[in-house]
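S.K.: For reference, this is upload-v6.pdb, and it has PDB, C-alpha atoms, pLDDT in the B column.
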ATOM      1  CA  MET A   1      65.665  41.974 -28.958  1.00 83.00           C
ATOM      2  CA  VAL A   2      64.409  39.993 -31.966  1.00 91.00           C
ATOM      3  CA  ALA A   3      61.388  42.291 -32.223  1.00 94.00           C
ATOM      4  CA  ASP A   4      63.713  45.305 -32.358  1.00 96.00           C
ATOM      5  CA  TYR A   5      65.797  43.635 -35.071  1.00 96.00           C
ATOM      6  CA  VAL A   6      62.702  42.893 -37.174  1.00 96.00           C
ATOM      7  CA  GLU A   7      61.454  46.469 -36.734  1.00 97.00           C
ATOM      8  CA  GLN A   8      64.785  47.972 -37.796  1.00 97.00           C
ATOM      9  CA  SER A   9      65.159  45.546 -40.709  1.00 97.00           C
ATOM     10  CA  LEU A  10      61.661  46.294 -42.017  1.00 97.00           C
ATOM     11  CA  GLN A  11      62.350  50.018 -41.779  1.00 97.00           C
ATOM     12  CA  ARG A  12      65.515  49.497 -43.821  1.00 97.00           C
ATOM     13  CA  ALA A  13      63.662  47.361 -46.373  1.00 97.00           C
ATOM     14  CA  GLN A  14      61.094  50.118 -46.832  1.00 96.00           C
ATOM     15  CA  ARG A  15      63.676  52.883 -46.934  1.00 97.00           C
ATOM     16  CA  GLU A  16      65.806  51.061 -49.522  1.00 97.00           C
ATOM     17  CA  GLY A  17      62.873  49.887 -51.637  1.00 97.00           C
ATOM     18  CA  TYR A  18      63.197  46.120 -51.188  1.00 98.00           C
ATOM     19  CA  ALA A  19      60.751  44.099 -53.268  1.00 98.00           C
ATOM     20  CA  ALA A  20      60.126  41.876 -50.232  1.00 98.00           C
ATOM     21  CA  TYR A  21      61.541  41.057 -46.819  1.00 97.00           C
ATOM     22  CA  VAL A  22      62.074  37.370 -45.959  1.00 97.00           C
ATOM     23  CA  VAL A  23      62.021  36.081 -42.390  1.00 96.00           C
ATOM     24  CA  GLN A  24      63.515  32.599 -42.062  1.00 97.00           C
ATOM     25  CA  LEU A  25      61.729  31.088 -39.080  1.00 96.00           C
ATOM     26  CA  ASP A  26      62.443  28.094 -36.844  1.00 97.00           C
ATOM     27  CA  THR A  27      61.038  28.670 -33.371  1.00 93.00           C
ATOM     28  CA  PRO A  28      59.245  26.922 -30.527  1.00 89.00           C
ATOM     29  CA  GLY A  29      57.641  30.301 -29.759  1.00 86.00           C
ATOM     30  CA  GLY A  30      58.413  33.245 -27.557  1.00 83.00           C
ATOM     31  CA  LEU A  31      57.053  36.125 -25.565  1.00 83.00           C
ATOM     32  CA  ALA A  32      53.572  37.359 -26.429  1.00 84.00           C
ATOM     33  CA  THR A  33      54.735  40.977 -26.210  1.00 89.00           C
ATOM     34  CA  SER A  34      57.533  40.422 -28.735  1.00 93.00           C
ATOM     35  CA  MET A  35      55.184  38.473 -30.997  1.00 91.00           C
ATOM     36  CA  ARG A  36      52.635  41.293 -30.974  1.00 93.00           C
ATOM     37  CA  ASP A  37      55.357  43.854 -31.756  1.00 96.00           C
ATOM     38  CA  ILE A  38      56.545  41.769 -34.714  1.00 97.00           C
ATOM     39  CA  VAL A  39      52.981  41.229 -35.949  1.00 96.00           C
ATOM     40  CA  GLN A  40      52.286  44.972 -35.786  1.00 97.00           C
ATOM     41  CA  ASP A  41      55.498  45.704 -37.689  1.00 97.00           C
ATOM     42  CA  ILE A  42      54.551  43.188 -40.392  1.00 97.00           C
ATOM     43  CA  LEU A  43      51.019  44.552 -40.670  1.00 97.00           C
ATOM     44  CA  GLY A  44      52.328  48.106 -40.918  1.00 96.00           C
ATOM     45  CA  SER A  45      54.998  47.287 -43.482  1.00 96.00           C
ATOM     46  CA  ARG A  46      54.707  48.705 -46.995  1.00 95.00           C
ATOM     47  CA  THR A  47      57.251  46.055 -48.021  1.00 97.00           C
ATOM     48  CA  PRO A  48      55.680  42.590 -48.355  1.00 97.00           C
ATOM     49  CA  VAL A  49      56.897  40.171 -45.689  1.00 98.00           C
ATOM     50  CA  ILE A  50      57.457  36.502 -46.510  1.00 97.00           C
ATOM     51  CA  VAL A  51      57.875  34.046 -43.655  1.00 97.00           C
ATOM     52  CA  TYR A  52      59.868  31.004 -44.722  1.00 97.00           C
ATOM     53  CA  VAL A  53      59.700  28.146 -42.223  1.00 96.00           C
ATOM     54  CA  SER A  54      63.071  26.532 -42.808  1.00 97.00           C
ATOM     55  CA  PRO A  55      65.317  24.469 -42.832  1.00 97.00           C
ATOM     56  CA  GLU A  56      63.809  20.993 -43.189  1.00 96.00           C
ATOM     57  CA  GLY A  57      62.533  19.903 -39.784  1.00 95.00           C
ATOM     58  CA  ALA A  58      61.944  23.474 -38.612  1.00 96.00           C
ATOM     59  CA  ARG A  59      58.796  24.644 -36.868  1.00 93.00           C
ATOM     60  CA  ALA A  60      56.754  27.776 -36.445  1.00 92.00           C
ATOM     61  CA  ALA A  61      55.100  26.973 -33.148  1.00 87.00           C
ATOM     62  CA  SER A  62      53.210  29.151 -30.711  1.00 85.00           C
ATOM     63  CA  ALA A  63      54.201  32.793 -31.331  1.00 88.00           C
ATOM     64  CA  GLY A  64      55.880  31.670 -34.562  1.00 91.00           C
ATOM     65  CA  ALA A  65      52.533  30.438 -35.882  1.00 90.00           C
ATOM     66  CA  ILE A  66      50.935  33.829 -35.257  1.00 91.00           C
ATOM     67  CA  ILE A  67      53.847  35.656 -36.891  1.00 94.00           C
ATOM     68  CA  THR A  68      53.507  33.365 -39.912  1.00 93.00           C
ATOM     69  CA  LEU A  69      49.785  34.113 -40.142  1.00 92.00           C
ATOM     70  CA  ALA A  70      50.585  37.849 -40.163  1.00 95.00           C
ATOM     71  CA  ALA A  71      52.978  37.582 -43.110  1.00 96.00           C
ATOM     72  CA  HIS A  72      51.909  38.597 -46.591  1.00 96.00           C
ATOM     73  CA  ALA A  73      53.049  35.146 -47.756  1.00 96.00           C
ATOM     74  CA  ALA A  74      54.029  31.987 -45.892  1.00 93.00           C
ATOM     75  CA  VAL A  75      56.269  29.301 -47.346  1.00 95.00           C
ATOM     76  CA  MET A  76      57.341  26.066 -45.694  1.00 95.00           C
ATOM     77  CA  ALA A  77      60.311  23.839 -46.470  1.00 96.00           C
ATOM     78  CA  PRO A  78      59.730  20.089 -46.664  1.00 96.00           C
ATOM     79  CA  GLY A  79      59.264  18.386 -43.297  1.00 95.00           C
ATOM     80  CA  THR A  80      58.353  21.568 -41.413  1.00 94.00           C
ATOM     81  CA  SER A  81      55.365  22.276 -39.189  1.00 90.00           C
ATOM     82  CA  ILE A  82      53.306  25.183 -37.960  1.00 87.00           C
ATOM     83  CA  GLY A  83      50.885  25.371 -35.071  1.00 79.00           C
ATOM     84  CA  ALA A  84      50.293  24.847 -31.391  1.00 68.00           C
ATOM     85  CA  ALA A  85      49.527  28.523 -30.987  1.00 66.00           C
ATOM     86  CA  THR A  86      47.996  28.227 -27.519  1.00 65.00           C
ATOM     87  CA  PRO A  87      49.777  30.642 -25.163  1.00 64.00           C
ATOM     88  CA  VAL A  88      51.425  29.222 -22.049  1.00 63.00           C
ATOM     89  CA  GLY A  89      53.121  30.824 -19.067  1.00 64.00           C
ATOM     90  CA  MET A  90      56.863  31.239 -18.641  1.00 66.00           C
ATOM     91  CA  GLN A  91      57.066  27.842 -16.905  1.00 65.00           C
ATOM     92  CA  GLY A  92      54.828  26.132 -19.468  1.00 64.00           C
ATOM     93  CA  GLU A  93      51.729  26.371 -17.297  1.00 63.00           C
ATOM     94  CA  ASP A  94      48.249  26.743 -18.739  1.00 65.00           C
ATOM     95  CA  LEU A  95      46.854  30.262 -18.848  1.00 66.00           C
ATOM     96  CA  GLY A  96      43.291  31.373 -18.306  1.00 69.00           C
ATOM     97  CA  ALA A  97      40.532  31.247 -20.887  1.00 71.00           C
ATOM     98  CA  LYS A  98      40.714  35.020 -21.405  1.00 72.00           C
ATOM     99  CA  VAL A  99      44.323  34.858 -22.613  1.00 73.00           C
ATOM    100  CA  ILE A 100      43.669  31.793 -24.767  1.00 72.00           C
ATOM    101  CA  ASN A 101      40.558  33.353 -26.315  1.00 75.00           C
ATOM    102  CA  ASP A 102      42.536  36.513 -27.079  1.00 78.00           C
ATOM    103  CA  ALA A 103      45.178  34.463 -28.914  1.00 78.00           C
ATOM    104  CA  ALA A 104      42.495  32.557 -30.825  1.00 79.00           C
ATOM    105  CA  ALA A 105      40.807  35.832 -31.814  1.00 82.00           C
ATOM    106  CA  GLN A 106      44.118  37.247 -33.034  1.00 85.00           C
ATOM    107  CA  ALA A 107      44.848  34.113 -35.082  1.00 84.00           C
ATOM    108  CA  GLU A 108      41.377  34.260 -36.632  1.00 86.00           C
ATOM    109  CA  ALA A 109      41.668  37.980 -37.419  1.00 88.00           C
ATOM    110  CA  LEU A 110      45.038  37.458 -39.112  1.00 90.00           C
ATOM    111  CA  ALA A 111      43.709  34.484 -41.073  1.00 87.00           C
ATOM    112  CA  ARG A 112      40.825  36.648 -42.308  1.00 90.00           C
ATOM    113  CA  LEU A 113      43.126  39.555 -43.143  1.00 91.00           C
ATOM    114  CA  ARG A 114      45.441  37.361 -45.204  1.00 91.00           C
ATOM    115  CA  ASP A 115      42.595  35.348 -46.760  1.00 87.00           C
ATOM    116  CA  ARG A 116      43.625  32.114 -45.082  1.00 83.00           C
ATOM    117  CA  ASN A 117      41.474  29.279 -43.783  1.00 77.00           C
ATOM    118  CA  VAL A 118      39.492  30.794 -40.895  1.00 72.00           C
ATOM    119  CA  GLU A 119      37.488  27.623 -40.268  1.00 66.00           C
ATOM    120  CA  ILE A 120      40.623  25.740 -39.197  1.00 57.00           C
ATOM    121  CA  ARG A 121      41.421  28.471 -36.687  1.00 52.00           C
ATOM    122  CA  ARG A 122      37.846  28.421 -35.330  1.00 49.00           C
ATOM    123  CA  ARG A 123      37.806  24.646 -35.015  1.00 47.00           C
ATOM    124  CA  ASP A 124      41.195  24.446 -33.319  1.00 46.00           C
ATOM    125  CA  GLY A 125      40.647  27.475 -31.117  1.00 43.00           C
ATOM    126  CA  ALA A 126      44.368  28.109 -31.711  1.00 47.00           C
ATOM    127  CA  ARG A 127      45.095  24.960 -29.692  1.00 48.00           C
ATOM    128  CA  GLY A 128      46.229  22.357 -32.170  1.00 47.00           C
ATOM    129  CA  PRO A 129      48.624  22.150 -35.065  1.00 44.00           C
ATOM    130  CA  LEU A 130      47.849  24.304 -38.067  1.00 48.00           C
ATOM    131  CA  ASP A 131      49.682  22.407 -40.753  1.00 49.00           C
ATOM    132  CA  ARG A 132      52.713  20.372 -41.640  1.00 51.00           C
ATOM    133  CA  ARG A 133      54.626  20.070 -44.869  1.00 52.00           C
ATOM    134  CA  ASP A 134      55.975  16.818 -46.237  1.00 55.00           C
ATOM    135  CA  GLY A 135      56.954  18.489 -49.501  1.00 48.00           C
ATOM    136  CA  GLY A 136      58.123  22.004 -50.303  1.00 46.00           C
ATOM    137  CA  SER A 137      55.024  24.086 -50.808  1.00 44.00           C
ATOM    138  CA  ALA A 138      53.302  27.242 -49.733  1.00 47.00           C
ATOM    139  CA  ALA A 139      51.162  27.150 -46.606  1.00 45.00           C
ATOM    140  CA  GLY A 140      48.421  29.315 -45.275  1.00 43.00           C
ATOM    141  CA  SER A 141      47.229  30.841 -48.501  1.00 42.00           C
ATOM    142  CA  GLY A 142      43.727  30.670 -49.777  1.00 39.00           C
ATOM    143  CA  GLY A 143      40.740  29.236 -48.018  1.00 37.00           C
TER     144      GLY A 143
END
Can you turn what I pasted into C-alpha coordinates?
M.R.:
Amino acid sequence: MVADYVEQSLQRAQREGYAAYVVQLDTPGGLATSMRDIVQDILGSRTPVIVYVSPEGARAASAGAIITLAAHAAVMAPGTSIGAATPVGMQGEDLGAKVINDAAAQAEALARLRDRNVEIRRRDGARGPLDRRDGGSAAGSGG
(Lines of atoms letter the chains of each structure in order from A and count residues from 1; the text may use other names and numbers.)
(Lines give C-alpha, C1' and ligand atoms only; values in the text may rest on other atoms or scores of the structure.)
Protein backbone atom coordinates (compact mmCIF):
# COMPACT_ATOMS: atom_id res chain seq x y z
CA MET A 1 0.00 0.00 0.00
CA VAL A 2 2.76 2.47 0.90
CA ALA A 3 4.77 1.33 -2.13
CA ASP A 4 1.78 2.06 -4.36
CA TYR A 5 1.39 5.51 -2.80
CA VAL A 6 5.07 6.33 -3.37
CA GLU A 7 4.86 5.11 -6.98
CA GLN A 8 1.78 7.22 -7.72
CA SER A 9 3.21 10.27 -5.94
CA LEU A 10 6.50 10.06 -7.86
CA GLN A 11 4.60 9.76 -11.13
CA ARG A 12 2.65 12.89 -10.21
CA ALA A 13 5.84 14.73 -9.23
CA GLN A 14 7.36 13.91 -12.61
CA ARG A 15 4.21 14.73 -14.54
CA GLU A 16 3.79 18.10 -12.79
CA GLY A 17 7.48 19.03 -12.91
CA TYR A 18 8.27 19.10 -9.19
CA ALA A 19 11.79 20.26 -8.38
CA ALA A 20 12.05 17.44 -5.82
CA TYR A 21 9.92 14.92 -3.96
CA VAL A 22 10.37 14.68 -0.17
CA VAL A 23 9.64 11.51 1.77
CA GLN A 24 9.34 12.10 5.51
CA LEU A 25 10.42 8.82 7.08
CA ASP A 26 10.02 7.32 10.55
CA THR A 27 9.91 3.54 10.35
CA PRO A 28 11.11 0.40 12.11
CA GLY A 29 11.17 -1.23 8.66
CA GLY A 30 8.79 -3.24 6.56
CA LEU A 31 8.39 -5.86 3.90
CA ALA A 32 11.35 -6.52 1.62
CA THR A 33 9.07 -6.61 -1.42
CA SER A 34 7.62 -3.17 -0.68
CA MET A 35 11.09 -1.81 0.06
CA ARG A 36 12.42 -3.07 -3.28
CA ASP A 37 9.44 -1.55 -5.12
CA ILE A 38 10.06 1.82 -3.45
CA VAL A 39 13.80 1.64 -4.16
CA GLN A 40 13.13 0.87 -7.83
CA ASP A 41 10.69 3.78 -8.05
CA ILE A 42 13.25 6.14 -6.50
CA LEU A 43 16.03 4.92 -8.79
CA GLY A 44 13.79 5.31 -11.84
CA SER A 45 12.56 8.76 -10.88
CA ARG A 46 13.53 11.75 -13.03
CA THR A 47 12.49 13.91 -10.07
CA PRO A 48 15.12 13.95 -7.30
CA VAL A 49 13.94 12.19 -4.14
CA ILE A 50 14.91 13.51 -0.71
CA VAL A 51 14.39 11.27 2.31
CA TYR A 52 13.98 13.30 5.48
CA VAL A 53 14.22 11.21 8.64
CA SER A 54 11.97 13.19 10.94
CA PRO A 55 10.66 14.27 13.48
CA GLU A 56 13.25 14.35 16.27
CA GLY A 57 13.59 10.83 17.66
CA ALA A 58 12.56 9.19 14.39
CA ARG A 59 14.37 6.27 12.81
CA ALA A 60 15.02 4.81 9.40
CA ALA A 61 15.64 1.22 10.40
CA SER A 62 15.78 -1.95 8.35
CA ALA A 63 13.92 -1.34 5.07
CA GLY A 64 13.89 2.38 5.90
CA ALA A 65 17.69 2.43 5.89
CA ILE A 66 17.79 0.92 2.40
CA ILE A 67 15.16 3.36 1.12
CA THR A 68 17.22 6.23 2.55
CA LEU A 69 20.35 4.94 0.80
CA ALA A 70 18.43 4.92 -2.50
CA ALA A 71 17.38 8.57 -2.22
CA HIS A 72 19.16 11.26 -4.19
CA ALA A 73 19.67 13.09 -0.88
CA ALA A 74 19.21 12.05 2.75
CA VAL A 75 18.59 14.50 5.57
CA MET A 76 18.15 13.69 9.24
CA ALA A 77 16.51 15.76 11.97
CA PRO A 78 18.31 16.06 15.31
CA GLY A 79 18.15 12.95 17.48
CA THR A 80 17.29 10.57 14.64
CA SER A 81 18.96 7.32 13.63
CA ILE A 82 19.42 5.13 10.60
CA GLY A 83 20.53 1.53 10.38
CA ALA A 84 19.99 -2.03 11.48
CA ALA A 85 19.33 -3.04 7.90
CA THR A 86 19.62 -6.79 8.49
CA PRO A 87 16.47 -8.50 7.19
CA VAL A 88 14.44 -10.60 9.61
CA GLY A 89 11.42 -12.84 9.18
CA MET A 90 7.83 -11.84 9.88
CA GLN A 91 8.18 -13.04 13.49
CA GLY A 92 11.57 -11.38 13.97
CA GLU A 93 13.51 -14.58 13.36
CA ASP A 94 16.95 -14.62 11.78
CA LEU A 95 17.07 -15.39 8.07
CA GLY A 96 19.67 -17.35 6.19
CA ALA A 97 23.02 -16.02 5.03
CA LYS A 98 21.80 -15.83 1.42
CA VAL A 99 19.07 -13.33 2.29
CA ILE A 100 21.36 -11.31 4.55
CA ASN A 101 24.12 -11.23 1.92
CA ASP A 102 21.60 -10.06 -0.68
CA ALA A 103 20.55 -7.17 1.58
CA ALA A 104 24.18 -6.26 2.25
CA ALA A 105 24.94 -6.31 -1.49
CA GLN A 106 21.95 -4.05 -2.18
CA ALA A 107 23.02 -1.60 0.53
CA GLU A 108 26.56 -1.52 -0.86
CA ALA A 109 25.35 -1.03 -4.44
CA LEU A 110 23.11 1.86 -3.40
CA ALA A 111 25.91 3.44 -1.37
CA ARG A 112 28.16 3.27 -4.44
CA LEU A 113 25.46 4.64 -6.73
CA ARG A 114 24.82 7.63 -4.47
CA ASP A 115 28.51 8.16 -3.66
CA ARG A 116 28.10 7.31 0.00
CA ASN A 117 30.49 5.56 2.36
CA VAL A 118 30.78 2.01 1.01
CA GLU A 119 33.38 0.96 3.58
CA ILE A 120 30.86 1.36 6.42
CA ARG A 121 28.42 -0.90 4.59
CA ARG A 122 31.15 -3.51 3.96
CA ARG A 123 32.31 -3.46 7.56
CA ASP A 124 28.81 -3.70 9.01
CA GLY A 125 27.57 -6.22 6.47
CA ALA A 126 24.27 -4.31 6.75
CA ARG A 127 23.98 -5.59 10.33
CA GLY A 128 24.66 -2.64 12.57
CA PRO A 129 23.58 0.96 12.80
CA LEU A 130 24.56 3.22 9.94
CA ASP A 131 24.46 6.57 11.66
CA ARG A 132 22.74 8.74 14.20
CA ARG A 133 22.23 12.46 14.33
CA ASP A 134 22.56 14.54 17.46
CA GLY A 135 22.24 17.76 15.47
CA GLY A 136 20.33 18.61 12.31
CA SER A 137 22.55 17.70 9.42
CA ALA A 138 22.69 15.75 6.21
CA ALA A 139 23.56 12.07 6.38
CA GLY A 140 24.83 9.59 3.88
CA SER A 141 26.47 11.96 1.46
CA GLY A 142 30.05 11.80 0.41
CA GLY A 143 32.57 9.18 1.32
S.K.: Residue by residue, what does the PyMOL selection byres ((chain A and resi 37-48) around 7) grab here? Present the result as an NGL selection string.
M.R.: :A and (3 or 6-7 or 10 or 13-14 or 18-21 or 33-36 or 49-50 or 67 or 70-72)
S.K.: Quick one, how far is atom CA of Ala104 of chain A from atom CA of Gln11 of chain A?
M.R.: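 Atom CA of Ala104 of chain A sits 28.6 Å away from atom CA of Gln11 of chain A.
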S.K.: Output the residue selection produced by the PyMOL selection byres ((chain A and resi 114) around 8) on the file above, formatted as a ChimeraX atom specification.
M.R.: /A:69-72,110-113,115-116,141
S.K.: If we count all atoms listed in the file, what is near segment 30-32 of chain A at a cut-off of 8 Å, once residues fewer than 4 positions away on the same chain are taken out, given as a list in words?
M.R.: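 Listed by chain and then number, they are Arg36, Ser62, Ala63, Gly64 and Pro87 of chain A.
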S.K.: Please measure the separation of atom CA of Ser81 of chain A and atom CA of Ala60 of chain A, giving the value in Å to one decimal.
M.R.: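 The value is 6.3 Å.
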S.K.: Using only C-alpha atoms, which of A:Gly83, A:Arg59, A:Asp4, A:Ser9 sits nearest Asp26 of chain A?
M.R.: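 Of A:Gly83, A:Arg59, A:Asp4, A:Ser9, the one nearest Asp26 of chain A is A:Arg59, counting only C-alpha atoms.
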S.K.: For atom CA of Gln106 of chain A and atom CA of Leu25 of chain A, quote the distance in Å rounded to one decimal.
M.R.: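 Atom-to-atom, atom CA of Gln106 of chain A and atom CA of Leu25 of chain A are spaced 19.6 Å apart.
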S.K.: Could you put an axis-aligned box around every listed atom of segment 65-72 of chain A, padded by 8 Å on each side, and send me its centre and edge lengths in Å to one decimal, as AutoDock Vina command-line options?
M.R.:
--center_x 51.8 --center_y 34.5 --center_z -40.9 --size_x 20.1 --size_y 24.2 --size_z 27.3
S.K.: Find, counting all atoms listed in the file, the residue in A:Ile66, A:Val2, A:Val22, A:Met76 that gets nearest to Ala109 of chain A.
M.R.: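 That would be A:Ile66, the residue with the smallest distance to Ala109 of chain A.
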S.K.: Tell me which protein, DNA and RNA residues are within 8 Å of Pro55 of chain A, counting only C-alpha atoms, leaving out same-chain ones fewer than 2 positions away, and put them as a VMD selection string.
M.R.: chain A and resid 26 53 57 to 58 77 80
S.K.: Run the PyMOL selection byres ((chain A and resi 74) around 6) against the file shown and list the residues it catches, as a list in words.
M.R.: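 Selection result, ordered by chain and number: Ile50, Val51, Ala73, Val75 and Ala139 of chain A.
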S.K.: So which one's closest to Ala65 of chain A, A:Gly17, A:Val23, A:Asn117, A:Pro28? Using all atoms listed in the file, please.
M.R.: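 Closest to Ala65 of chain A, using all atoms listed in the file: A:Pro28.
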